[in-house]
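Everything below concerns the one structure shown next.
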Amino acid sequence: MEKSLAVLQEETMKEIADPEVFKALVATTFKGLQPEKVKEAIMDGIIRGFTFKDFRERNVYAIPFNNRDGASYSLVTSIDYSRKVAQKAGILGMDEPVFEEKDGKIVACSVTVKRKVGKDIGTFTAKVYFDEYNSGQNQWAKRPRTMIAKVAEMHALRKACPEVLSEQYVEEEMSEPKGLETPHTDLDLAKEKLRECKSLEELSKCYSALPGVAKTSKEVAAVKDEMKKKFLAPKSDEIPEL
């Protein structure tokens with residue numbers, strides 16, 4: 001029998017009641033995130049199916065947005081964790097990444113994974129474009145092939161195993177593309193999707209699925225917080241305060 005959200009939340013709050021445990025989480029899994037946002041991030045993860053153990057082992061962690069002020073965040077998984085989940089779902093292997101280049105610059109990367117489906121072995125290929133993810137900073141500047149290959153692999157794994165990976169993203173996918181400006185219409189669409197949510201669980205899933213560029217918007221984050229208060233307030237006697 002599956003535990004209710006309220007029970008999972010209560011158990012999690014007991015886990016982080018230990019000051020040393022909480023301090024360790026803030027310094028690792030939630031590095032850069034405001035301490036008061038940690039509990040919120042953990043509950044978002046539990047709604048998506050992660051466990052407290054996943055946070056402690058950093059299988060899932062938070063990355064801050066909005067100029068890294070620690071007020072807004074996105075939950076991401078490590079590529080190694082996603083590979084483990086995919087292997088349990090029947091992934092048999094992956095071909096070498098295929099890069100497309102023009103004038104010596106990376107244009108795109110394709111990755112193909114194989115999954116056993118019944119008695120058959122299916123192949124699932126994903127192609128991603130470098131300019132849509134390249135931030136031009138840190139590892140993107142040092143190891144661009146490795147970074148875009150991770151993005152392509154994660155896309156391929158989600159395509160092959162949607163039932164277990166549809167809501168999982170790696171940090172490399174959340175990079176804000178260099179020189180990209182977010183169209184105002186895209187932000188309006190993101191806010192509209194959040195306002196259409198009918199439950200806290202739906203809101204968490206919807207926000208998690210938004211592109212990283214939308215999550216850097218303070219307007220979008222404000223709508224998320226507004227909707228969260230709306231869902232929590234009417235049932236404050238049933239759901240412990242975050």
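As shown in the structure tokens, the chain order sets the letters A, B, ...; within each chain, residues go from 1, and ligands are also counted from 1 in the order they appear.
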>> Quick check for you: according to DSSP on this backbone, which residues of range 14-228 of chain A are classed as helix (DSSP H, G or I)? Reply as a PyMOL selection string.
In response: chain A and resi 14-15+19-27+35-47+52-56+79-88+130-132+138-142+144-160+162-165+171-174+184-195+200-209+212-215+218-228
For the residues in that selection, give me C-alpha atoms as an mmCIF file, in the first residue's frame.
data_model
loop_
_atom_site.group_PDB
_atom_site.id
_atom_site.type_symbol
_atom_site.label_atom_id
_atom_site.label_comp_id
_atom_site.auth_asym_id
_atom_site.auth_seq_id
_atom_site.Cartn_x
_atom_site.Cartn_y
_atom_site.Cartn_z
ATOM 1 C CA LYS A 14 11.509 13.878 11.020
ATOM 2 C CA GLU A 15 14.578 12.987 8.940
ATOM 3 C CA PRO A 19 20.481 19.878 12.593
ATOM 4 C CA GLU A 20 23.560 18.048 11.292
ATOM 5 C CA VAL A 21 21.572 16.235 8.611
ATOM 6 C CA PHE A 22 19.922 19.476 7.519
ATOM 7 C CA LYS A 23 23.244 21.315 7.475
ATOM 8 C CA ALA A 24 24.790 18.595 5.303
ATOM 9 C CA LEU A 25 21.896 18.775 2.832
ATOM 10 C CA VAL A 26 22.179 22.571 2.532
ATOM 11 C CA ALA A 27 25.912 22.249 1.870
ATOM 12 C CA PRO A 35 17.646 27.136 3.723
ATOM 13 C CA GLU A 36 13.932 27.924 3.990
ATOM 14 C CA LYS A 37 13.458 26.571 0.456
ATOM 15 C CA VAL A 38 15.019 23.189 1.226
ATOM 16 C CA LYS A 39 11.900 21.641 2.755
ATOM 17 C CA GLU A 40 9.864 22.862 -0.199
ATOM 18 C CA ALA A 41 12.328 21.310 -2.649
ATOM 19 C CA ILE A 42 12.306 17.991 -0.805
ATOM 20 C CA MET A 43 8.510 17.816 -0.922
ATOM 21 C CA ASP A 44 8.529 18.656 -4.627
ATOM 22 C CA GLY A 45 10.854 15.701 -5.116
ATOM 23 C CA ILE A 46 8.717 13.341 -3.046
ATOM 24 C CA ILE A 47 5.668 14.317 -5.087
ATOM 25 C CA PHE A 52 14.699 11.059 1.144
ATOM 26 C CA LYS A 53 17.517 8.583 0.525
ATOM 27 C CA ASP A 54 17.775 9.876 -3.061
ATOM 28 C CA PHE A 55 18.417 13.378 -1.708
ATOM 29 C CA ARG A 56 21.007 12.186 0.773
ATOM 30 C CA ILE A 79 23.019 11.091 -15.342
ATOM 31 C CA ASP A 80 24.348 8.047 -13.470
ATOM 32 C CA TYR A 81 21.119 7.724 -11.493
ATOM 33 C CA SER A 82 19.038 8.021 -14.667
ATOM 34 C CA ARG A 83 21.148 5.319 -16.297
ATOM 35 C CA LYS A 84 20.505 2.984 -13.362
ATOM 36 C CA VAL A 85 16.761 3.594 -13.577
ATOM 37 C CA ALA A 86 16.852 3.019 -17.327
ATOM 38 C CA GLN A 87 18.808 -0.228 -16.990
ATOM 39 C CA LYS A 88 16.199 -1.586 -14.588
ATOM 40 C CA PHE A 130 24.109 22.566 -29.431
ATOM 41 C CA ASP A 131 22.967 26.198 -29.544
ATOM 42 C CA GLU A 132 19.794 25.322 -27.617
ATOM 43 C CA ASN A 138 32.196 26.365 -17.159
ATOM 44 C CA GLN A 139 32.072 22.784 -18.489
ATOM 45 C CA TRP A 140 30.263 23.889 -21.647
ATOM 46 C CA ALA A 141 33.354 25.894 -22.541
ATOM 47 C CA LYS A 142 35.820 23.183 -21.468
ATOM 48 C CA PRO A 144 31.314 20.878 -25.028
ATOM 49 C CA ARG A 145 31.102 17.389 -26.564
ATOM 50 C CA THR A 146 30.680 15.702 -23.197
ATOM 51 C CA MET A 147 27.977 18.166 -22.167
ATOM 52 C CA ILE A 148 25.834 17.988 -25.300
ATOM 53 C CA ALA A 149 26.246 14.187 -25.375
ATOM 54 C CA LYS A 150 24.731 13.996 -21.866
ATOM 55 C CA VAL A 151 21.774 16.054 -23.021
ATOM 56 C CA ALA A 152 21.258 13.827 -26.060
ATOM 57 C CA GLU A 153 21.574 10.677 -23.951
ATOM 58 C CA MET A 154 19.002 11.887 -21.428
ATOM 59 C CA HIS A 155 16.590 12.718 -24.237
ATOM 60 C CA ALA A 156 17.064 9.237 -25.688
ATOM 61 C CA LEU A 157 16.559 7.564 -22.297
ATOM 62 C CA ARG A 158 13.328 9.494 -21.688
ATOM 63 C CA LYS A 159 12.148 8.562 -25.161
ATOM 64 C CA ALA A 160 12.875 4.883 -24.521
ATOM 65 C CA PRO A 162 8.845 7.412 -20.549
ATOM 66 C CA GLU A 163 7.076 5.508 -17.777
ATOM 67 C CA VAL A 164 10.024 5.939 -15.386
ATOM 68 C CA LEU A 165 11.962 8.937 -16.739
ATOM 69 C CA GLU A 171 21.511 19.692 -14.976
ATOM 70 C CA GLU A 172 23.032 20.043 -18.452
ATOM 71 C CA GLU A 173 19.520 20.404 -19.894
ATOM 72 C CA MET A 174 18.809 23.358 -17.622
ATOM 73 C CA HIS A 184 7.599 37.214 -23.485
ATOM 74 C CA THR A 185 4.994 34.957 -25.100
ATOM 75 C CA ASP A 186 6.855 31.883 -23.799
ATOM 76 C CA LEU A 187 6.723 33.249 -20.261
ATOM 77 C CA ASP A 188 3.006 33.956 -20.625
ATOM 78 C CA LEU A 189 2.451 30.376 -21.778
ATOM 79 C CA ALA A 190 4.403 29.012 -18.812
ATOM 80 C CA LYS A 191 2.375 31.100 -16.368
ATOM 81 C CA GLU A 192 -0.860 30.019 -18.047
ATOM 82 C CA LYS A 193 0.074 26.332 -17.693
ATOM 83 C CA LEU A 194 0.793 26.796 -13.990
ATOM 84 C CA ARG A 195 -2.510 28.568 -13.389
ATOM 85 C CA LEU A 200 -0.276 20.553 -5.726
ATOM 86 C CA GLU A 201 1.020 17.388 -7.377
ATOM 87 C CA GLU A 202 0.016 18.611 -10.842
ATOM 88 C CA LEU A 203 1.626 21.983 -10.121
ATOM 89 C CA SER A 204 4.914 20.354 -9.123
ATOM 90 C CA LYS A 205 4.983 18.191 -12.240
ATOM 91 C CA CYS A 206 4.067 21.119 -14.487
ATOM 92 C CA TYR A 207 6.769 23.387 -13.048
ATOM 93 C CA SER A 208 9.373 20.613 -13.248
ATOM 94 C CA ALA A 209 8.574 20.132 -16.934
ATOM 95 C CA GLY A 212 15.143 26.004 -17.735
ATOM 96 C CA VAL A 213 14.868 29.411 -19.415
ATOM 97 C CA ALA A 214 11.294 29.829 -18.135
ATOM 98 C CA LYS A 215 12.358 28.899 -14.615
ATOM 99 C CA LYS A 218 10.785 35.757 -11.450
ATOM 100 C CA GLU A 219 7.294 36.171 -12.911
ATOM 101 C CA VAL A 220 6.938 32.423 -13.472
ATOM 102 C CA ALA A 221 8.341 31.626 -10.023
ATOM 103 C CA ALA A 222 5.861 34.059 -8.467
ATOM 104 C CA VAL A 223 2.926 32.319 -10.156
ATOM 105 C CA LYS A 224 4.193 28.948 -8.903
ATOM 106 C CA ASP A 225 4.366 30.258 -5.331
ATOM 107 C CA GLU A 226 0.928 31.853 -5.685
ATOM 108 C CA MET A 227 -0.629 28.562 -6.842
ATOM 109 C CA LYS A 228 1.147 26.577 -4.126
#
May I have all residues of range 123-188 of chain A that DSSP, computed from the backbone, assigns to strand (DSSP E or B), given as an mmCIF file with N, CA and C atoms, in the first residue's frame?
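Heads up, here's the output in part-v4.cif:
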data_model
loop_
_atom_site.group_PDB
_atom_site.id
_atom_site.type_symbol
_atom_site.label_atom_id
_atom_site.label_comp_id
_atom_site.auth_asym_id
_atom_site.auth_seq_id
_atom_site.Cartn_x
_atom_site.Cartn_y
_atom_site.Cartn_z
ATOM 1 N N THR A 123 15.135 0.364 -30.797
ATOM 2 C CA THR A 123 16.157 1.412 -30.804
ATOM 3 C C THR A 123 15.469 2.772 -30.736
ATOM 4 N N PHE A 124 16.020 3.654 -29.929
ATOM 5 C CA PHE A 124 15.422 4.968 -29.708
ATOM 6 C C PHE A 124 16.513 6.028 -29.855
ATOM 7 N N THR A 125 16.338 6.901 -30.827
ATOM 8 C CA THR A 125 17.347 7.921 -31.127
ATOM 9 C C THR A 125 16.833 9.318 -30.802
ATOM 10 N N ALA A 126 17.678 10.120 -30.200
ATOM 11 C CA ALA A 126 17.337 11.512 -29.890
ATOM 12 C C ALA A 126 18.424 12.416 -30.448
ATOM 13 N N LYS A 127 18.000 13.513 -31.045
ATOM 14 C CA LYS A 127 18.939 14.485 -31.613
ATOM 15 C C LYS A 127 18.691 15.831 -30.955
ATOM 16 N N VAL A 128 19.747 16.450 -30.442
ATOM 17 C CA VAL A 128 19.621 17.762 -29.808
ATOM 18 C C VAL A 128 20.596 18.735 -30.460
ATOM 19 N N TYR A 129 20.245 20.010 -30.417
ATOM 20 C CA TYR A 129 21.054 21.032 -31.071
ATOM 21 C C TYR A 129 21.870 21.821 -30.049
ATOM 22 N N VAL A 170 18.489 16.216 -16.393
ATOM 23 C CA VAL A 170 19.834 16.401 -15.852
ATOM 24 C C VAL A 170 20.182 17.886 -15.906
#
>> If I take CA of Thr77 in chain A and CA of Lys105 in chain A, how far is one from the other in Å, to one decimal?
In response: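 Between CA of Thr77 in chain A and CA of Lys105 in chain A the gap works out to 28.3 Å.
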>> If we count only C-alpha atoms and set the cut-off at 7 Å, which residues sit around Val76 in chain A, ignoring sequence neighbours fewer than 3 positions away in its own chain? Please answer as a PyMOL selection string.
In response: chain A and resi 60-62+168-171
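When CA of Ser110 in chain A is paired with CA of Pro97 in chain A, their separation reads 5.7 Å.
Residue nearest Lys116 in chain A, chosen from A:Arg48, A:Leu92, A:Thr28, A:Arg58 and counting only C-alpha atoms: A:Leu92.
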> Suppose you want the space between CA of Glu10 in chain A and CA of Ser74 in chain A; what is it in Å?
Replying inline: 22.6 Å
